[in-house]
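**Student:** My structure file structure26.tsv, TSV, C-alpha atoms, is below:
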```tsv
chain	number	residue	atom	x	y	z
D	139	GLY	CA	109.54	114.92	79.03
D	140	ILE	CA	105.99	115.40	80.15
D	141	GLN	CA	105.32	118.20	82.64
D	142	VAL	CA	102.80	117.87	85.46
D	143	GLU	CA	101.78	121.07	87.22
D	144	GLN	CA	99.55	121.34	90.25
D	145	SER	CA	97.83	124.36	91.68
D	146	PRO	CA	97.63	125.89	94.13
D	147	PRO	CA	100.91	124.88	95.80
D	148	ASP	CA	99.46	125.58	99.26
D	149	LEU	CA	95.95	125.86	100.61
D	150	ILE	CA	94.62	126.65	104.07
D	151	LEU	CA	90.97	125.91	104.82
D	152	GLN	CA	88.63	126.10	107.75
D	153	GLU	CA	86.99	122.82	108.61
D	154	GLY	CA	83.79	122.42	106.62
D	155	ALA	CA	84.97	124.40	103.59
D	156	ASN	CA	85.12	123.05	100.05
D	157	SER	CA	88.12	123.17	97.73
D	158	THR	CA	89.25	122.35	94.20
D	159	LEU	CA	92.76	121.21	93.35
D	160	ARG	CA	93.97	121.28	89.76
D	161	CYS	CA	96.45	119.19	87.80
D	162	ASN	CA	97.60	120.15	84.29
D	163	PHE	CA	99.74	117.92	82.13
D	164	SER	CA	101.58	118.75	78.95
D	165	ASP	CA	101.01	115.67	76.78
D	166	SER	CA	98.65	112.75	76.32
D	167	VAL	CA	98.77	110.13	79.07
D	168	ASN	CA	97.52	106.59	79.60
D	169	ASN	CA	95.96	107.32	82.95
D	170	LEU	CA	96.00	109.71	85.88
D	171	GLN	CA	95.97	108.94	89.59
D	172	TRP	CA	95.42	111.13	92.64
D	173	PHE	CA	97.22	110.43	95.91
D	174	HIS	CA	97.01	111.80	99.42
D	175	GLN	CA	100.23	111.85	101.42
D	176	ASN	CA	99.25	112.05	105.06
D	177	PRO	CA	101.41	113.69	107.76
D	178	TRP	CA	103.05	110.30	108.44
D	179	GLY	CA	104.26	110.12	104.84
D	180	GLN	CA	101.94	107.39	103.59
D	181	LEU	CA	100.77	107.65	99.98
D	182	ILE	CA	97.13	106.69	99.67
D	183	ASN	CA	95.66	106.17	96.22
D	184	LEU	CA	92.46	108.20	96.04
D	185	PHE	CA	91.47	107.81	92.40
D	186	TYR	CA	92.50	106.02	89.25
D	187	ILE	CA	90.86	108.28	86.69
D	188	PRO	CA	92.08	108.31	83.07
D	189	SER	CA	88.92	110.21	82.05
D	190	GLY	CA	85.46	111.12	83.32
D	191	THR	CA	84.27	111.67	86.87
D	192	LYS	CA	84.44	109.49	89.96
D	193	GLN	CA	83.20	110.04	93.48
D	194	ASN	CA	84.27	108.53	96.77
D	195	GLY	CA	82.47	109.98	99.77
D	196	ARG	CA	83.39	113.65	100.17
D	197	LEU	CA	85.97	113.44	97.41
D	198	SER	CA	85.41	113.47	93.70
D	199	ALA	CA	87.67	113.79	90.69
D	200	THR	CA	87.24	114.73	87.07
D	201	THR	CA	89.74	114.23	84.27
D	202	VAL	CA	89.31	115.87	80.87
D	203	ALA	CA	91.99	114.03	78.93
D	204	THR	CA	91.43	115.95	75.69
D	205	GLU	CA	92.17	119.21	77.51
D	206	ARG	CA	94.95	117.70	79.63
D	207	TYR	CA	93.74	118.51	83.10
D	208	SER	CA	92.21	116.90	86.15
D	209	LEU	CA	90.41	118.35	89.16
D	210	LEU	CA	90.09	116.97	92.67
D	211	TYR	CA	87.15	118.26	94.72
D	212	ILE	CA	87.10	118.05	98.49
D	213	SER	CA	83.80	118.92	100.11
D	214	SER	CA	83.11	119.59	103.81
D	215	SER	CA	86.81	119.33	104.59
D	216	GLN	CA	87.99	117.77	107.85
D	217	THR	CA	91.27	118.11	109.73
D	218	THR	CA	92.15	114.57	108.67
D	219	ASP	CA	92.18	115.77	105.04
D	220	SER	CA	95.40	117.68	105.79
D	221	GLY	CA	98.50	116.61	103.94
D	222	VAL	CA	99.87	116.80	100.42
D	223	TYR	CA	97.79	115.87	97.40
D	224	PHE	CA	99.67	114.61	94.37
D	225	CYS	CA	98.46	113.90	90.91
D	226	ALA	CA	100.51	111.51	88.82
D	227	VAL	CA	100.24	110.65	85.15
D	228	GLU	CA	101.26	107.36	83.63
D	229	ARG	CA	103.45	107.22	80.56
D	230	GLY	CA	105.54	104.24	79.48
D	231	GLY	CA	104.63	102.18	82.52
D	232	LYS	CA	105.77	104.71	85.10
D	233	LEU	CA	104.07	107.45	87.09
D	234	ILE	CA	105.25	111.05	86.78
D	235	PHE	CA	104.23	113.08	89.80
D	236	GLY	CA	103.40	116.72	90.13
D	237	GLN	CA	104.87	118.85	92.89
D	238	GLY	CA	101.75	118.50	95.01
D	239	THR	CA	99.28	120.77	96.79
D	240	GLU	CA	99.84	121.07	100.52
D	241	LEU	CA	96.48	121.30	102.25
D	242	SER	CA	96.04	122.38	105.84
D	243	VAL	CA	92.56	122.17	107.35
D	244	LYS	CA	92.12	124.18	110.55
D	245	PRO	CA	89.54	123.24	113.21
G	272	GLU	CA	92.51	94.91	102.81
G	273	PRO	CA	95.79	93.69	101.29
G	274	GLU	CA	98.66	96.13	101.48
G	275	VAL	CA	102.27	96.59	100.42
G	276	THR	CA	104.61	96.22	103.38
G	277	GLN	CA	108.11	97.66	103.65
G	278	THR	CA	110.92	97.05	106.10
G	279	PRO	CA	112.64	98.67	107.82
G	280	SER	CA	110.65	101.87	108.35
G	281	HIS	CA	113.88	103.75	109.10
G	282	GLN	CA	117.47	102.97	108.11
G	283	VAL	CA	120.54	104.93	109.10
G	284	THR	CA	123.79	104.10	107.38
G	285	GLN	CA	127.28	105.48	106.85
G	286	MET	CA	128.32	106.81	103.46
G	287	GLY	CA	129.82	104.04	101.34
G	288	GLN	CA	127.89	101.25	103.04
G	289	GLU	CA	125.50	98.91	101.25
G	290	VAL	CA	121.81	98.91	102.17
G	291	ILE	CA	118.98	96.61	101.22
G	292	LEU	CA	115.41	97.84	101.42
G	293	ARG	CA	112.74	95.18	101.52
G	294	CYS	CA	109.18	95.06	100.25
G	295	VAL	CA	106.38	92.53	100.14
G	296	PRO	CA	104.00	93.51	97.32
G	297	ILE	CA	100.31	92.60	97.25
G	298	SER	CA	100.15	88.90	96.48
G	299	ASN	CA	98.32	88.82	93.14
G	300	HIS	CA	100.10	91.85	91.70
G	301	LEU	CA	102.61	91.40	88.90
G	302	TYR	CA	104.13	94.85	88.43
G	303	PHE	CA	106.52	96.17	91.08
G	304	TYR	CA	108.11	99.57	91.46
G	305	TRP	CA	110.50	101.64	93.53
G	306	TYR	CA	110.03	105.37	93.89
G	307	ARG	CA	111.81	107.85	96.11
G	308	GLN	CA	111.02	111.21	97.65
G	309	ILE	CA	113.71	113.57	98.84
G	310	LEU	CA	112.45	115.67	101.76
G	311	GLY	CA	110.07	118.37	100.58
G	312	GLN	CA	110.20	117.30	96.94
G	313	LYS	CA	107.98	115.34	94.62
G	314	VAL	CA	107.93	111.59	94.28
G	315	GLU	CA	110.33	110.29	91.61
G	316	PHE	CA	110.26	107.03	89.68
G	317	LEU	CA	113.30	104.78	90.05
G	318	VAL	CA	112.51	101.42	88.45
G	319	SER	CA	109.74	99.07	87.41
G	320	PHE	CA	109.94	95.29	87.41
G	321	TYR	CA	107.83	92.74	85.62
G	322	ASN	CA	108.24	89.07	84.81
G	323	ASN	CA	111.51	88.90	86.76
G	324	GLU	CA	113.24	91.67	84.90
G	325	ILE	CA	113.53	95.43	84.87
G	326	SER	CA	111.04	96.94	82.43
G	327	GLU	CA	111.85	100.64	82.92
G	328	LYS	CA	114.41	102.62	84.88
G	329	SER	CA	115.15	106.29	85.36
G	330	GLU	CA	118.44	108.18	85.10
G	331	ILE	CA	118.62	108.05	88.91
G	332	PHE	CA	118.81	104.25	88.82
G	333	ASP	CA	122.49	103.95	87.99
G	334	ASP	CA	124.94	101.08	88.54
G	335	GLN	CA	124.83	101.61	92.31
G	336	PHE	CA	121.22	100.42	92.38
G	337	SER	CA	119.85	96.96	91.78
G	338	VAL	CA	116.54	95.19	92.33
G	339	GLU	CA	115.74	91.58	92.93
G	340	ARG	CA	112.79	89.31	93.54
G	341	PRO	CA	114.58	86.56	95.44
G	342	ASP	CA	111.46	84.48	96.08
G	343	GLY	CA	107.74	84.54	95.37
G	344	SER	CA	106.94	87.30	97.84
G	345	ASN	CA	109.85	89.70	98.44
G	346	PHE	CA	111.08	92.53	96.26
G	347	THR	CA	114.30	94.29	97.26
G	348	LEU	CA	116.20	97.44	96.36
G	349	LYS	CA	119.94	97.41	96.97
G	350	ILE	CA	122.16	100.46	97.01
G	351	ARG	CA	125.76	99.25	96.75
G	352	SER	CA	127.71	102.22	98.05
G	353	THR	CA	125.48	104.86	99.55
G	354	LYS	CA	126.04	108.58	99.05
G	355	LEU	CA	124.75	111.50	101.08
G	356	GLU	CA	122.35	112.39	98.27
G	357	ASP	CA	120.71	108.96	98.53
G	358	SER	CA	119.02	110.13	101.72
G	359	ALA	CA	115.30	110.00	100.97
G	360	MET	CA	112.06	108.15	101.60
G	361	TYR	CA	111.96	105.07	99.40
G	362	PHE	CA	108.56	103.73	98.43
G	363	CYS	CA	107.77	100.34	97.04
G	364	ALA	CA	104.59	99.98	94.99
G	365	SER	CA	102.75	97.26	93.16
G	366	SER	CA	99.90	97.12	90.68
G	367	PRO	CA	97.55	94.43	89.38
G	368	PRO	CA	98.36	92.35	86.29
G	369	VAL	CA	97.43	95.18	83.90
G	370	ARG	CA	100.09	97.50	82.52
G	371	GLY	CA	99.44	101.00	83.81
G	372	GLY	CA	97.07	99.84	86.53
G	373	LYS	CA	96.26	101.49	89.84
G	374	LEU	CA	99.34	101.69	92.06
G	375	PHE	CA	99.36	100.77	95.73
G	376	PHE	CA	102.23	102.16	97.78
G	377	GLY	CA	103.89	100.87	100.91
G	378	SER	CA	104.54	103.11	103.91
G	379	GLY	CA	108.10	103.77	102.86
G	380	THR	CA	111.61	103.37	104.26
G	381	GLN	CA	113.26	106.57	105.42
G	382	LEU	CA	116.95	106.21	104.52
G	383	SER	CA	119.44	108.54	106.16
G	384	VAL	CA	123.03	108.46	104.92
G	385	LEU	CA	125.53	110.06	107.29
```
What is this structure when it is put down as structure tokens?
**Tutor:**
Amino acid sequence: GIQVEQSPPDLILQEGANSTLRCNFSDSVNNLQWFHQNPWGQLINLFYIPSGTKQNGRLSATTVATERYSLLYISSSQTTDSGVYFCAVERGGKLIFGQGTELSVKP
Amino acid sequence: EPEVTQTPSHQVTQMGQEVILRCVPISNHLYFYWYRQILGQKVEFLVSFYNNEISEKSEIFDDQFSVERPDGSNFTLKIRSTKLEDSAMYFCASSPPVRGGKLFFGSGTQLSVL
């Protein structure tokens, strides 16, 4: 089946720093979504981004479907950005998740 | 903003017992899903449901699992005879009436099987 790999697995930042999270996938997909799982376990949908670039405040995402990767940019990070970031690709009506990047933002 | 709601937030049960996890999807959504996340692991697909029937299911979703939409608002996951390895966070999700649309997740039910 399709493989979804995220890097880095862990990331520690000082508040105010910028970061880039990467998601590679092994086959063509219908769409790609980025989620933030906060420390309480909630999964928040950040982006629905099958291709191109989208921005939402301090976050932006780019998917290059032809090269099978997506990037999530976090600028001016805040402690509330801490948690696990998952990318998930859609094939056959279901989402296949990567292992996630655990982000910790220190004050 | 509309949201997916799940009850209970925590469920503790004895091995072999039946549990029912409940979800109320967003009202105009037509696709419904159950996912689960074992502690420290990635989120895994269990089943999708559309037009009152299962449209996809994973290898995890064996005969011990079933889903139902008993009325116009609720969507349930039943585990008939729980096993220790069923302990996980179970997430319900829904998406708008477009196949492969943006998914909205509930807050999850943490199931602990003792």
**Student:** Got a sec: who's within 7 Å of stretch 362-377 of chain G, counting all atoms listed in the file, leaving out chain neighbours fewer than 3 positions off, as number ranges by chain?
**Tutor:** D: 181, 183, 186, 228, 231; G: 275-277, 294, 296-297, 299-307, 380
**Student:** Excluding D:Val227 and residues on its chain fewer than 2 positions from it, collect all residues at most 7 Å away from it, counting only C-alpha atoms, and give them as a ChimeraX atom specification.
**Tutor:** /D:167,169-171,225,229,233-235
**Student:** Could you tell me which of D:Asp165, D:Glu205, D:Glu240, D:Asp219 comes closest to D:Pro146 if we count all atoms listed in the file?
**Tutor:** D:Glu240
**Student:** Using Å and a single decimal, report how far atom CA of G:Glu315 sits from atom CA of G:Asp357.
**Tutor:**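 Computing the Euclidean distance for atom CA of G:Asp357 and atom CA of G:Glu315 yields 12.5 Å.
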**Student:** Closest to D:Gly190 among D:Ser208, D:Thr158, D:Asn168, D:Gln175, using all atoms listed in the file?
**Tutor:**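 Closest to D:Gly190, using all atoms listed in the file: D:Ser208.
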**Student:** Identify which of the residues D:Asn176, D:Ser164, D:Thr201, D:Asn194 lies closest to chain G, counting only C-alpha atoms when measuring atom-to-atom distances.
**Tutor:**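 Closest residue, counting only C-alpha atoms: D:Asn176.
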